[in-house]
Each structure stands twice: as C-alpha cells, then as structure tokens.
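As stored in structure.csv (CSV, C-alpha atoms and all ligand atoms):
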```
chain,number,residue,atom,x,y,z
A,854,MET,CA,-167.6,171.9,237.0
A,855,SER,CA,-167.8,174.0,233.9
A,856,VAL,CA,-164.8,174.0,231.6
A,857,SER,CA,-163.7,176.4,228.8
A,858,PHE,CA,-162.3,174.4,225.9
A,859,CYS,CA,-161.1,176.1,222.7
A,860,GLY,CA,-163.6,178.9,223.2
A,861,LEU,CA,-166.5,176.5,224.0
A,862,GLU,CA,-168.2,176.5,227.4
A,863,LEU,CA,-168.9,172.9,228.6
A,864,ALA,CA,-171.1,172.2,231.6
A,865,HIS,CA,-168.6,169.6,232.9
A,866,PRO,CA,-165.4,167.8,231.7
A,867,ILE,CA,-167.0,164.5,230.5
A,868,ILE,CA,-167.5,163.9,226.8
A,869,ASN,CA,-167.8,160.7,224.7
A,870,GLY,CA,-165.1,159.0,222.7
A,871,SER,CA,-165.8,159.1,219.0
A,872,GLY,CA,-167.7,156.0,217.8
A,873,THR,CA,-168.7,154.8,221.2
A,874,PHE,CA,-172.2,156.5,221.7
A,875,ASP,CA,-174.7,156.8,218.9
A,876,ALA,CA,-176.9,159.7,220.1
A,877,ILE,CA,-179.5,159.1,217.3
A,878,ALA,CA,-179.9,155.4,218.2
A,879,ALA,CA,-180.0,156.4,221.9
A,880,ARG,CA,-182.8,158.8,221.4
A,881,ARG,CA,-184.8,156.0,219.6
A,882,ALA,CA,-184.1,153.7,222.5
A,883,PHE,CA,-184.5,156.1,225.5
A,884,GLY,CA,-186.7,158.9,224.1
A,885,ALA,CA,-187.0,162.0,226.2
A,886,GLY,CA,-185.0,160.2,229.0
A,887,LEU,CA,-181.9,160.8,226.9
A,888,LEU,CA,-182.5,164.5,226.9
A,889,HIS,CA,-183.1,164.8,230.7
A,890,GLY,CA,-179.9,162.8,231.5
A,891,PHE,CA,-177.7,163.5,228.5
A,892,PRO,CA,-174.4,161.9,229.6
A,893,PHE,CA,-171.9,164.2,227.9
A,894,ALA,CA,-171.0,167.9,228.0
A,895,ALA,CA,-170.1,167.8,224.3
A,896,TYR,CA,-171.0,165.2,221.7
A,897,VAL,CA,-168.4,163.7,219.3
A,898,SER,CA,-169.6,161.9,216.2
A,899,LYS,CA,-168.4,158.6,214.8
A,900,THR,CA,-165.7,159.1,212.2
A,901,ILE,CA,-167.0,160.4,208.9
A,902,THR,CA,-165.2,159.8,205.6
A,903,LEU,CA,-165.8,161.5,202.2
A,904,GLU,CA,-167.6,158.5,200.7
A,905,PRO,CA,-170.0,156.1,202.4
A,906,ARG,CA,-168.5,152.9,203.8
A,907,GLU,CA,-170.0,149.6,204.8
A,908,GLY,CA,-167.4,148.8,207.3
A,909,ASN,CA,-165.7,145.4,208.0
A,910,PRO,CA,-167.3,142.0,207.6
A,911,PRO,CA,-168.5,140.5,210.9
A,912,PRO,CA,-167.6,139.5,213.5
A,913,ARG,CA,-166.6,143.0,214.5
A,914,LEU,CA,-166.2,142.6,218.3
A,915,TRP,CA,-164.2,140.4,220.6
A,916,GLU,CA,-164.6,140.4,224.4
A,917,ALA,CA,-161.1,140.6,225.8
A,918,ALA,CA,-159.9,140.4,229.4
A,919,ALA,CA,-161.1,143.7,230.9
A,920,GLY,CA,-162.0,145.2,227.6
A,921,MET,CA,-162.9,144.6,224.0
A,922,ILE,CA,-161.3,144.5,220.5
A,923,ASN,CA,-163.3,146.2,217.8
A,924,SER,CA,-162.8,146.0,214.1
A,925,ILE,CA,-165.7,148.1,212.9
A,926,GLY,CA,-164.0,149.5,209.9
A,927,LEU,CA,-165.5,152.9,209.7
A,928,PRO,CA,-169.0,152.3,208.5
A,929,ASN,CA,-170.6,155.7,207.9
A,930,LYS,CA,-172.9,157.5,205.5
A,931,GLY,CA,-170.1,159.6,204.0
A,932,LEU,CA,-169.7,163.3,204.3
A,933,HIS,CA,-172.9,164.3,202.5
A,934,GLY,CA,-175.1,161.7,204.1
A,935,TYR,CA,-173.9,162.8,207.5
A,936,LEU,CA,-174.5,166.5,206.8
A,937,ARG,CA,-177.9,165.9,205.2
A,938,GLU,CA,-179.3,163.2,207.5
A,939,ASP,CA,-177.4,162.9,210.8
A,940,LEU,CA,-176.3,166.5,211.6
A,941,PRO,CA,-179.8,168.0,211.7
A,942,GLN,CA,-180.9,165.2,214.1
A,943,LEU,CA,-177.9,165.7,216.3
A,944,ALA,CA,-178.6,169.5,216.4
A,945,GLU,CA,-182.2,168.7,217.4
A,946,ILE,CA,-181.0,166.4,220.2
A,947,ALA,CA,-178.6,169.2,221.4
A,948,ALA,CA,-181.4,171.7,221.4
A,949,GLY,CA,-183.6,169.3,223.3
A,950,VAL,CA,-180.8,168.8,225.9
A,951,ALA,CA,-180.5,172.6,226.2
A,952,GLU,CA,-184.3,172.8,226.9
A,953,GLN,CA,-184.0,170.3,229.7
A,954,LEU,CA,-180.6,171.0,231.2
A,955,GLY,CA,-179.9,174.6,230.2
A,956,ASN,CA,-176.8,173.9,228.2
A,957,ALA,CA,-176.6,172.5,224.6
A,958,PRO,CA,-173.7,170.0,224.2
A,959,PRO,CA,-171.5,171.5,221.5
A,960,LEU,CA,-171.3,169.1,218.5
A,961,ILE,CA,-167.8,167.9,217.5
A,962,THR,CA,-167.6,166.1,214.1
A,963,ASN,CA,-164.8,163.5,213.8
A,964,VAL,CA,-163.4,163.1,210.2
A,965,MET,CA,-160.8,160.9,208.5
A,966,GLY,CA,-159.2,161.1,205.1
A,967,ALA,CA,-156.4,159.2,203.4
A,968,SER,CA,-154.7,162.4,202.1
A,969,ALA,CA,-154.5,166.1,202.8
A,970,THR,CA,-156.7,166.8,199.8
A,971,GLU,CA,-159.5,164.5,201.2
A,972,ILE,CA,-159.2,166.0,204.7
A,973,VAL,CA,-159.4,169.6,203.2
A,974,ARG,CA,-162.7,168.6,201.5
A,975,LEU,CA,-164.1,167.2,204.8
A,976,LEU,CA,-163.1,170.2,206.9
A,977,ALA,CA,-164.2,172.8,204.4
A,978,ALA,CA,-167.7,171.2,204.1
A,979,CYS,CA,-168.1,171.0,207.9
A,980,ASP,CA,-166.8,174.6,208.3
A,981,GLU,CA,-170.0,175.8,206.5
A,982,ARG,CA,-172.3,174.2,209.0
A,983,GLU,CA,-173.1,176.3,212.1
A,984,GLU,CA,-174.4,173.2,214.0
A,985,ILE,CA,-170.8,172.0,214.2
A,986,ALA,CA,-168.8,173.6,217.0
A,987,ALA,CA,-165.4,171.9,216.5
A,988,LEU,CA,-163.7,169.3,214.4
A,989,GLU,CA,-161.7,166.3,215.4
A,990,LEU,CA,-159.3,164.8,212.9
A,991,ASN,CA,-158.7,161.0,213.3
A,992,VAL,CA,-155.2,160.4,212.0
A,993,SER,CA,-155.3,156.6,212.5
A,994,CYS,CA,-155.7,156.3,208.8
A,995,PRO,CA,-153.2,154.7,206.3
A,996,ASN,CA,-151.7,157.3,203.9
A,997,VAL,CA,-152.9,156.4,200.3
A,998,LYS,CA,-149.3,156.5,199.0
A,999,THR,CA,-147.2,155.1,201.8
A,1000,GLY,CA,-149.7,152.8,203.5
A,1001,LEU,CA,-148.4,154.0,206.9
A,1002,ASP,CA,-150.8,155.6,209.4
A,1003,ILE,CA,-150.7,159.4,208.9
A,1004,GLY,CA,-150.6,159.9,212.6
A,1005,ALA,CA,-147.8,157.5,213.4
A,1006,ASP,CA,-145.0,159.5,211.8
A,1007,PRO,CA,-144.4,163.0,213.4
A,1008,ARG,CA,-143.1,164.6,210.2
A,1009,GLN,CA,-146.0,163.4,208.1
A,1010,LEU,CA,-148.5,164.4,210.8
A,1011,GLU,CA,-147.1,167.9,211.0
A,1012,ASP,CA,-147.2,168.3,207.2
A,1013,VAL,CA,-150.8,167.1,207.0
A,1014,VAL,CA,-152.1,169.2,209.9
A,1015,ARG,CA,-150.3,172.3,208.5
A,1016,ALA,CA,-151.8,171.7,205.0
A,1017,VAL,CA,-155.4,171.2,206.2
A,1018,ARG,CA,-155.5,173.7,209.1
A,1019,PRO,CA,-156.5,176.7,206.9
A,1020,SER,CA,-159.6,174.9,205.6
A,1021,THR,CA,-161.7,175.6,208.8
A,1022,ARG,CA,-162.1,178.4,211.2
A,1023,LYS,CA,-163.5,176.0,213.8
A,1024,PRO,CA,-161.3,174.6,216.6
A,1025,LEU,CA,-159.3,171.6,215.3
A,1026,ILE,CA,-158.6,168.7,217.6
A,1027,VAL,CA,-156.2,166.0,216.4
A,1028,LYS,CA,-157.0,162.5,217.7
A,1029,LEU,CA,-153.6,160.9,218.0
A,1030,THR,CA,-152.9,157.3,217.5
A,1031,PRO,CA,-151.3,155.4,220.4
A,1032,ASN,CA,-149.7,152.9,217.9
A,1033,THR,CA,-146.5,154.9,217.4
A,1034,ALA,CA,-143.0,155.0,218.8
A,1035,ASP,CA,-143.3,158.3,220.6
A,1036,VAL,CA,-146.8,159.7,221.1
A,1037,ALA,CA,-145.5,162.9,222.7
A,1038,LEU,CA,-143.4,163.7,219.6
A,1039,CYS,CA,-146.6,163.2,217.5
A,1040,ALA,CA,-148.5,165.6,219.8
A,1041,GLN,CA,-145.8,168.2,219.4
A,1042,ALA,CA,-146.0,167.7,215.6
A,1043,ALA,CA,-149.8,168.2,215.7
A,1044,GLU,CA,-149.3,171.4,217.7
A,1045,ALA,CA,-146.6,172.7,215.4
A,1046,GLY,CA,-148.9,172.1,212.4
A,1047,GLY,CA,-151.6,174.2,214.0
A,1048,ALA,CA,-153.9,171.9,216.0
A,1049,ASP,CA,-155.9,173.7,218.7
A,1050,ALA,CA,-156.0,170.5,220.9
A,1051,VAL,CA,-155.1,166.9,220.9
A,1052,SER,CA,-157.1,163.9,222.1
A,1053,LEU,CA,-155.8,160.4,223.1
A,1054,ILE,CA,-155.7,157.5,223.2
A,1055,ASN,CA,-157.4,155.7,220.3
A,1056,THR,CA,-157.5,151.9,220.6
A,1057,LEU,CA,-154.3,149.8,220.7
A,1058,ARG,CA,-153.8,147.5,217.7
A,1059,ALA,CA,-154.8,144.0,218.7
A,1060,THR,CA,-156.1,140.7,217.5
A,1061,ALA,CA,-157.7,137.5,218.7
A,1062,LEU,CA,-157.8,134.0,217.3
A,1063,ALA,CA,-161.0,132.1,216.7
A,1064,PRO,CA,-161.2,128.9,218.7
A,1065,GLY,CA,-159.8,126.0,216.6
A,1066,TRP,CA,-159.6,122.2,216.6
A,1067,GLU,CA,-156.4,120.3,216.9
A,1068,GLY,CA,-154.5,120.2,213.6
A,1069,GLU,CA,-156.7,123.0,212.1
A,1070,GLU,CA,-155.1,126.3,211.0
A,1071,ARG,CA,-156.0,129.0,213.5
A,1072,ARG,CA,-157.6,132.1,212.0
A,1073,PRO,CA,-158.3,135.6,213.4
A,1074,TRP,CA,-161.7,135.9,215.0
A,1075,LEU,CA,-162.4,139.4,213.6
A,1076,GLY,CA,-163.7,139.7,210.1
A,1077,GLY,CA,-161.2,142.6,209.6
A,1078,GLY,CA,-158.3,140.4,210.9
A,1079,THR,CA,-157.0,142.9,213.4
A,1080,GLY,CA,-158.8,145.6,215.5
A,1081,GLY,CA,-158.3,148.0,218.4
A,1082,LEU,CA,-158.3,147.1,222.1
A,1083,SER,CA,-160.2,149.4,224.5
A,1084,GLY,CA,-161.6,149.4,228.0
A,1085,PRO,CA,-160.0,149.1,231.4
A,1086,ALA,CA,-157.2,146.9,229.9
A,1087,ILE,CA,-155.7,150.0,228.4
A,1088,ARG,CA,-156.2,152.5,231.2
A,1089,ALA,CA,-152.6,152.4,232.5
A,1090,VAL,CA,-151.3,152.9,229.0
A,1091,ALA,CA,-153.6,155.8,228.5
A,1092,LEU,CA,-152.5,157.4,231.7
A,1093,ALA,CA,-148.8,157.1,230.7
A,1094,GLN,CA,-149.5,158.5,227.2
A,1095,VAL,CA,-151.7,161.4,228.4
A,1096,ALA,CA,-149.1,162.3,231.0
A,1097,ALA,CA,-146.3,162.3,228.4
A,1098,VAL,CA,-148.3,164.4,225.9
A,1099,ALA,CA,-149.5,166.9,228.5
A,1100,GLN,CA,-145.9,167.6,229.6
A,1101,ARG,CA,-144.8,168.4,226.0
A,1102,VAL,CA,-147.6,170.5,224.5
A,1103,SER,CA,-149.2,173.8,225.6
A,1104,ILE,CA,-152.6,173.1,223.8
A,1105,PRO,CA,-155.5,171.4,225.7
A,1106,VAL,CA,-155.4,167.6,226.0
A,1107,ILE,CA,-158.5,165.4,225.9
A,1108,GLY,CA,-157.7,162.2,227.8
A,1109,MET,CA,-159.4,158.8,227.3
A,1110,GLY,CA,-158.8,155.1,227.7
A,1111,GLY,CA,-160.7,152.7,229.9
A,1112,VAL,CA,-162.4,155.3,232.1
A,1113,ARG,CA,-165.1,153.7,234.2
A,1114,SER,CA,-165.3,156.0,237.3
A,1115,ALA,CA,-164.7,159.5,238.5
A,1116,SER,CA,-161.5,158.3,240.1
A,1117,ASP,CA,-160.3,157.1,236.6
A,1118,ALA,CA,-161.3,160.5,235.1
A,1119,ARG,CA,-159.5,162.3,238.0
A,1120,ASP,CA,-156.3,160.4,237.3
A,1121,LEU,CA,-156.3,161.6,233.7
A,1122,MET,CA,-157.1,165.2,234.8
A,1123,ASP,CA,-154.3,165.1,237.4
A,1124,VAL,CA,-151.7,164.3,234.7
A,1125,GLY,CA,-153.0,167.2,232.5
A,1126,ALA,CA,-156.2,166.3,230.7
A,1127,CYS,CA,-158.7,169.2,230.6
A,1128,LEU,CA,-161.6,167.0,229.3
A,1129,VAL,CA,-162.0,163.2,229.7
A,1130,ALA,CA,-163.9,161.0,227.2
A,1131,VAL,CA,-165.8,157.9,228.2
A,1132,GLY,CA,-165.9,155.1,225.5
A,1133,THR,CA,-166.2,151.4,226.2
A,1134,GLU,CA,-167.9,151.9,229.5
A,1135,SER,CA,-170.9,153.5,227.6
A,1136,PHE,CA,-171.5,150.1,225.9
A,1137,ARG,CA,-172.0,148.5,229.4
A,1138,ASP,CA,-173.9,151.5,230.8
A,1139,PRO,CA,-175.2,154.2,228.4
A,1140,ALA,CA,-175.6,156.6,231.3
A,1141,ALA,CA,-172.0,156.2,232.5
A,1142,GLY,CA,-171.0,159.7,231.4
A,1143,ALA,CA,-173.7,161.3,233.6
A,1144,ARG,CA,-172.7,159.1,236.5
A,1145,ILE,CA,-169.0,159.9,236.2
A,1146,ALA,CA,-169.7,163.7,235.8
A,1147,SER,CA,-171.9,163.7,238.9
A,1148,GLU,CA,-169.4,161.6,240.9
A,1149,LEU,CA,-166.7,164.1,239.9
A,1150,ALA,CA,-168.9,167.0,241.0
A,1151,SER,CA,-169.3,165.5,244.5
B,1201,LIG,O1,-164.2,152.2,212.9
B,1201,LIG,C1,-163.3,151.6,213.5
B,1201,LIG,O2,-163.1,150.4,213.4
B,1201,LIG,C2,-162.5,152.4,214.5
B,1201,LIG,C3,-162.0,153.6,214.3
B,1201,LIG,BR1,-162.3,154.7,212.8
B,1201,LIG,C4,-161.1,154.2,215.3
B,1201,LIG,O3,-160.6,155.3,215.2
B,1201,LIG,N1,-160.8,153.4,216.3
B,1201,LIG,C5,-161.3,152.2,216.5
B,1201,LIG,O4,-161.0,151.5,217.5
B,1201,LIG,N2,-162.2,151.7,215.6
```
The structure in this file should be written as structure tokens.
Ligand code: RRO
Amino acid sequence: MSVSFCGLELAHPIINGSGTFDAIAARRAFGAGLLHGFPFAAYVSKTITLEPREGNPPPRLWEAAAGMINSIGLPNKGLHGYLREDLPQLAEIAAGVAEQLGNAPPLITNVMGASATEIVRLLAACDEREEIAALELNVSCPNVKTGLDIGADPRQLEDVVRAVRPSTRKPLIVKLTPNTADVALCAQAAEAGGADAVSLINTLRATALAPGWEGEERRPWLGGGTGGLSGPAIRAVALAQVAAVAQRVSIPVIGMGGVRSASDARDLMDVGACLVAVGTESFRDPAAGARIASELAS
C-alpha cells in the first residue's frame, strides 16, 4: 500500500483535500484516538494567504443533492499566524501519529496568492520550515490585475508557476481549478512551468437561491453569493478531468472529487491518479480516510 510521491514515502495512497479536515480541531475533539487512527497518509493544510482573512459572511454552506456548496472565503490566520501557531501543532500531531502508527504523515501546506510576488513570499517563508514536506499552490484565485482566476488560463498559469518555482526547493503541487475550458491544457501548463505534481479537482462553481415568497426578489442563499460544489455530485466530473489530465502530463496526479469508498478511489487510480484525496466525505465521517485506506488494502 505504500506510495512514493515526489520523494516522500506515504503509508498508503489516501490523503485529505485541502480545507476539508482540521487536524488541530480533530485532536481537540478526539484526543489520542485521532493519533491511533489518523485517517490520512499525508496531511494537507487549509489554504493560507499572506495576510489573515475572516472569510465570507454566513451562511457558508448549502446542502445540495448528493453534495454541498461551500462559500467559506479563505478564513485563515495568514502566513505568519499559521507558521507560528498552527504548524508546530501540526508537527506535534504528525509526531504523535508516528509514535502510534510508525509513519509520520508528511505535512503539505496549501497557499494562495493574487500575484506571483505574493506567492513567492508564501513559498519562500514555507521553504525555511523543515516541518513542511511539500507545498500545494491553489490557483483558484483571481489575479489582482485581470480579475480572472490565475489557474483558468493556461498561459497565465505557466508564467506564474515558472516565476514562483525557484522560491522553494520543496516539491510543488499545483491544485488546478476545474472551472476552465480545458483542464488538461492547464495541467500541461503547470508542468511546463515546473510543477512537480498536479492535484484536482477543486470545487465546481455553483450557487443556490434562498427560499422566497411569491413576488419577492430571490437572493442567493450563501453570504458570498456563489460557492463551490463538492461531494458525490461531482464524482463523474472529477473522473473525467483526472483521466484527461493523467493522459497529458508525466508528473504525478492527485485525484479527488466525491470519493466516498475504496471503489471510488480505485476508479481515480485506474485512470492515472497516484494519490487520492478525500474531502466532503470527512465532514460526514471524520474517519472516512482510514476506512477507505483499509478497504483499498483488502
Ligand atoms: O475557502 C474557500 O471558500 C474555498 C477554497 Br480557498 C477552495 O479552494 N475551494 C473551495 O471550495 N472553497
């Protein structure tokens, strides 16, 4: 079951999707139980930005048919808050897991910036921390100048990845956006720019209307207006996008999107994913990653 990924040794191929499992809160809730049964072979942080952010006004979640729409809006402590307060706690959790299970889950920090300059600062600061094994760059972020998502345009994506790549020696994973015309072209652009791996899919842009009375103007339910759809509702889209990307790049591909079972994970691996991330299912069952990994093993 062990997997080599960008020079890291993982005990099995199941990891978490960024922003879908808060290991620090899980340790508060489950105590040592979390360490005995840590669900993931590597742990990916929620997206970190340079400055702290409060996130979107509530409501932030909508339960959709076979999934959910989130409009969380990147709440986080900012780079320095994360490095000072969260990273030492995550490293302690990883060391506790190693004591119980024999393997420490490598820590992957997910970052987002609105320009190459911002991303360079994020990557360079993370590069200095030995607790961090790899970096994931979330490119579902509007460019400060054009307003278009950095990851949606292959040429812009290649330029940004090439510009930021030298600022870290750690493996760099580019988390692609599915909200683009040709995700495989974007994956090739990330590879050409110097990415060591790509991960997909992030959530599909979506919205929901609040219930309204006859004659009343209908408004979006989510405080942020629009959000991202995840869960089993997007699994078939994820399978198609992961398959298309795996055929066009030679770097490793991390697949995710609506995985609930070992059979779903297997589908993504059969079309070319070397690791599979579990996201929305962990909200329903925080131990889902461990269950899926052990189902896969048997
Ligand atoms: O924080 C969010 O609202 C969020 C992010 Br950064 C992301 O990459 N994907 C998502 O569904 N939500």
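Using all atoms listed in the file, the smallest distance between any of A:Phe858, A:Phe891, A:Trp915, A:Tyr935 and A:Arg1144 comes from A:Phe891.
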Quiz prompt | A:Ala864 environment, 12 Å, all atoms listed in the file, sequence neighbours closer than 3 positions dropped, as a ChimeraX atom specification | solution = /A:854-858,861,867-868,891-895,950-951,954-959,1128,1143,1146-1147,1150
Quiz prompt | Shell around A:Val1051 at 10 Å using all atoms listed in the file, local window under 4 positions removed, as a PyMOL selection string | solution = chain A and resi 989-990+1025-1029+1039-1041+1043-1044+1095+1098-1099+1102+1104-1108+1126
Counting all atoms listed in the file, which residues of chain A fall within 6 Å of ligand LIG 1201 (chain B), and what is the closest atom pair for each with its distance in Å at one decimal, ordered by chain and rising number, as a tab-separated table?
```
residue	atom	partner	partner_atom	distance
A:Thr900	CA	B:LIG1201	BR1	5.6
A:Asn923	CA	B:LIG1201	O4	5.8
A:Ser924	CA	B:LIG1201	O2	4.5
A:Ile925	CA	B:LIG1201	O2	3.5
A:Gly926	CA	B:LIG1201	O2	3.7
A:Leu927	CA	B:LIG1201	O1	3.5
A:Asn1055	CA	B:LIG1201	N1	5.7
A:Thr1056	CA	B:LIG1201	O4	4.7
A:Gly1081	CA	B:LIG1201	O4	4.5
```
Self-check item: 9 Å contact set for A:Val973, only C-alpha atoms, chain neighbours under 2 positions out, as a list in words
Solution: Gly966, Ser968, Ala969, Thr970, Glu971, Leu975, Leu976, Ala977, Ala978, Ala1016, Val1017, Arg1018, Pro1019, Ser1020 and Thr1021 of chain A
Self-check item: Distance query A:Leu1075 at most 12 Å, only C-alpha atoms, self and fewer than 6 positions along chain excluded, as a PyMOL selection string
Solution: chain A and resi 909-916+921-926+1059-1064+1081
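Taking atom CA of A:Arg1137 and atom CA of A:Thr1033 as the two end points, the separation is 28.9 Å.
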Quiz item: Can you tell me how far atom CA of A:Ala987 sits from atom CA of A:Val1014, in Å to one decimal?
Solution: 15.1 Å
Could the residues of stretch 990-1077 of chain A that have an atom at most 12 Å from stretch 1120-1123 of chain A be listed as JSON lines, each with its closest atom pair and the distance in Å to one decimal, counting all atoms listed in the file and ordered by chain and ascending residue number?
```
{"residue": "A:Ser1052", "atom": "CA", "partner": "A:Leu1121", "partner_atom": "CA", "distance": 11.9}
{"residue": "A:Leu1053", "atom": "CA", "partner": "A:Leu1121", "partner_atom": "CA", "distance": 10.7}
{"residue": "A:Ile1054", "atom": "CA", "partner": "A:Leu1121", "partner_atom": "CA", "distance": 11.3}
```
Self-check item: Nearest residue to A:Met965 from the set A:Arg1072, A:Arg1022, A:Arg1008, A:Lys899 (distances using all atoms listed in the file)
Solution: A:Lys899
Quiz item: Skipping near chain neighbours, those fewer than 6 positions away, what residues fall within 8 Å of stretch 1131-1134 of chain A using all atoms listed in the file, listed as a list in words?
Solution: Ile867, Ile868, Asn869, Gly870, Ser871, Gly872, Thr873, Phe874, Gly920, Met921, Ser1083, Gly1084, Met1109, Gly1110, Gly1111, Val1112, Arg1113, Ala1141 and Gly1142 of chain A
Prev. selection, C-alpha atoms, output as a PDB file, keeping the file's coordinate frame:
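Saved the output as part-v2.pdb:
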```
ATOM      1  CA  ILE A 867    -167.000 164.500 230.500  1.00  0.00           C
ATOM      2  CA  ILE A 868    -167.500 163.900 226.800  1.00  0.00           C
ATOM      3  CA  ASN A 869    -167.800 160.700 224.700  1.00  0.00           C
ATOM      4  CA  GLY A 870    -165.100 159.000 222.700  1.00  0.00           C
ATOM      5  CA  SER A 871    -165.800 159.100 219.000  1.00  0.00           C
ATOM      6  CA  GLY A 872    -167.700 156.000 217.800  1.00  0.00           C
ATOM      7  CA  THR A 873    -168.700 154.800 221.200  1.00  0.00           C
ATOM      8  CA  PHE A 874    -172.200 156.500 221.700  1.00  0.00           C
ATOM      9  CA  GLY A 920    -162.000 145.200 227.600  1.00  0.00           C
ATOM     10  CA  MET A 921    -162.900 144.600 224.000  1.00  0.00           C
ATOM     11  CA  SER A1083    -160.200 149.400 224.500  1.00  0.00           C
ATOM     12  CA  GLY A1084    -161.600 149.400 228.000  1.00  0.00           C
ATOM     13  CA  MET A1109    -159.400 158.800 227.300  1.00  0.00           C
ATOM     14  CA  GLY A1110    -158.800 155.100 227.700  1.00  0.00           C
ATOM     15  CA  GLY A1111    -160.700 152.700 229.900  1.00  0.00           C
ATOM     16  CA  VAL A1112    -162.400 155.300 232.100  1.00  0.00           C
ATOM     17  CA  ARG A1113    -165.100 153.700 234.200  1.00  0.00           C
ATOM     18  CA  ALA A1141    -172.000 156.200 232.500  1.00  0.00           C
ATOM     19  CA  GLY A1142    -171.000 159.700 231.400  1.00  0.00           C
TER      20      GLY A1142
END
```
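Distance-wise, atom CA of A:Ile1145 and atom CA of A:Gln953 end up 19.4 Å apart.
Among A:Pro1073, A:Pro1007, A:Pro995, A:Gly1000, the residue with the shortest atom-to-atom distance to A:Ala1037, counting only C-alpha atoms, is A:Pro1007.
Nearest-residue note for A:Glu904: choosing from A:Leu887, A:Leu932, A:Ala879, A:Leu940, the minimum distance belongs to A:Leu932, counting all atoms listed in the file.
Take the candidates A:Ala1130, A:Ala1034, A:Leu1057, A:Leu903 and check each one against A:Ser993 using all atoms listed in the file; the shortest distance goes to A:Leu1057.
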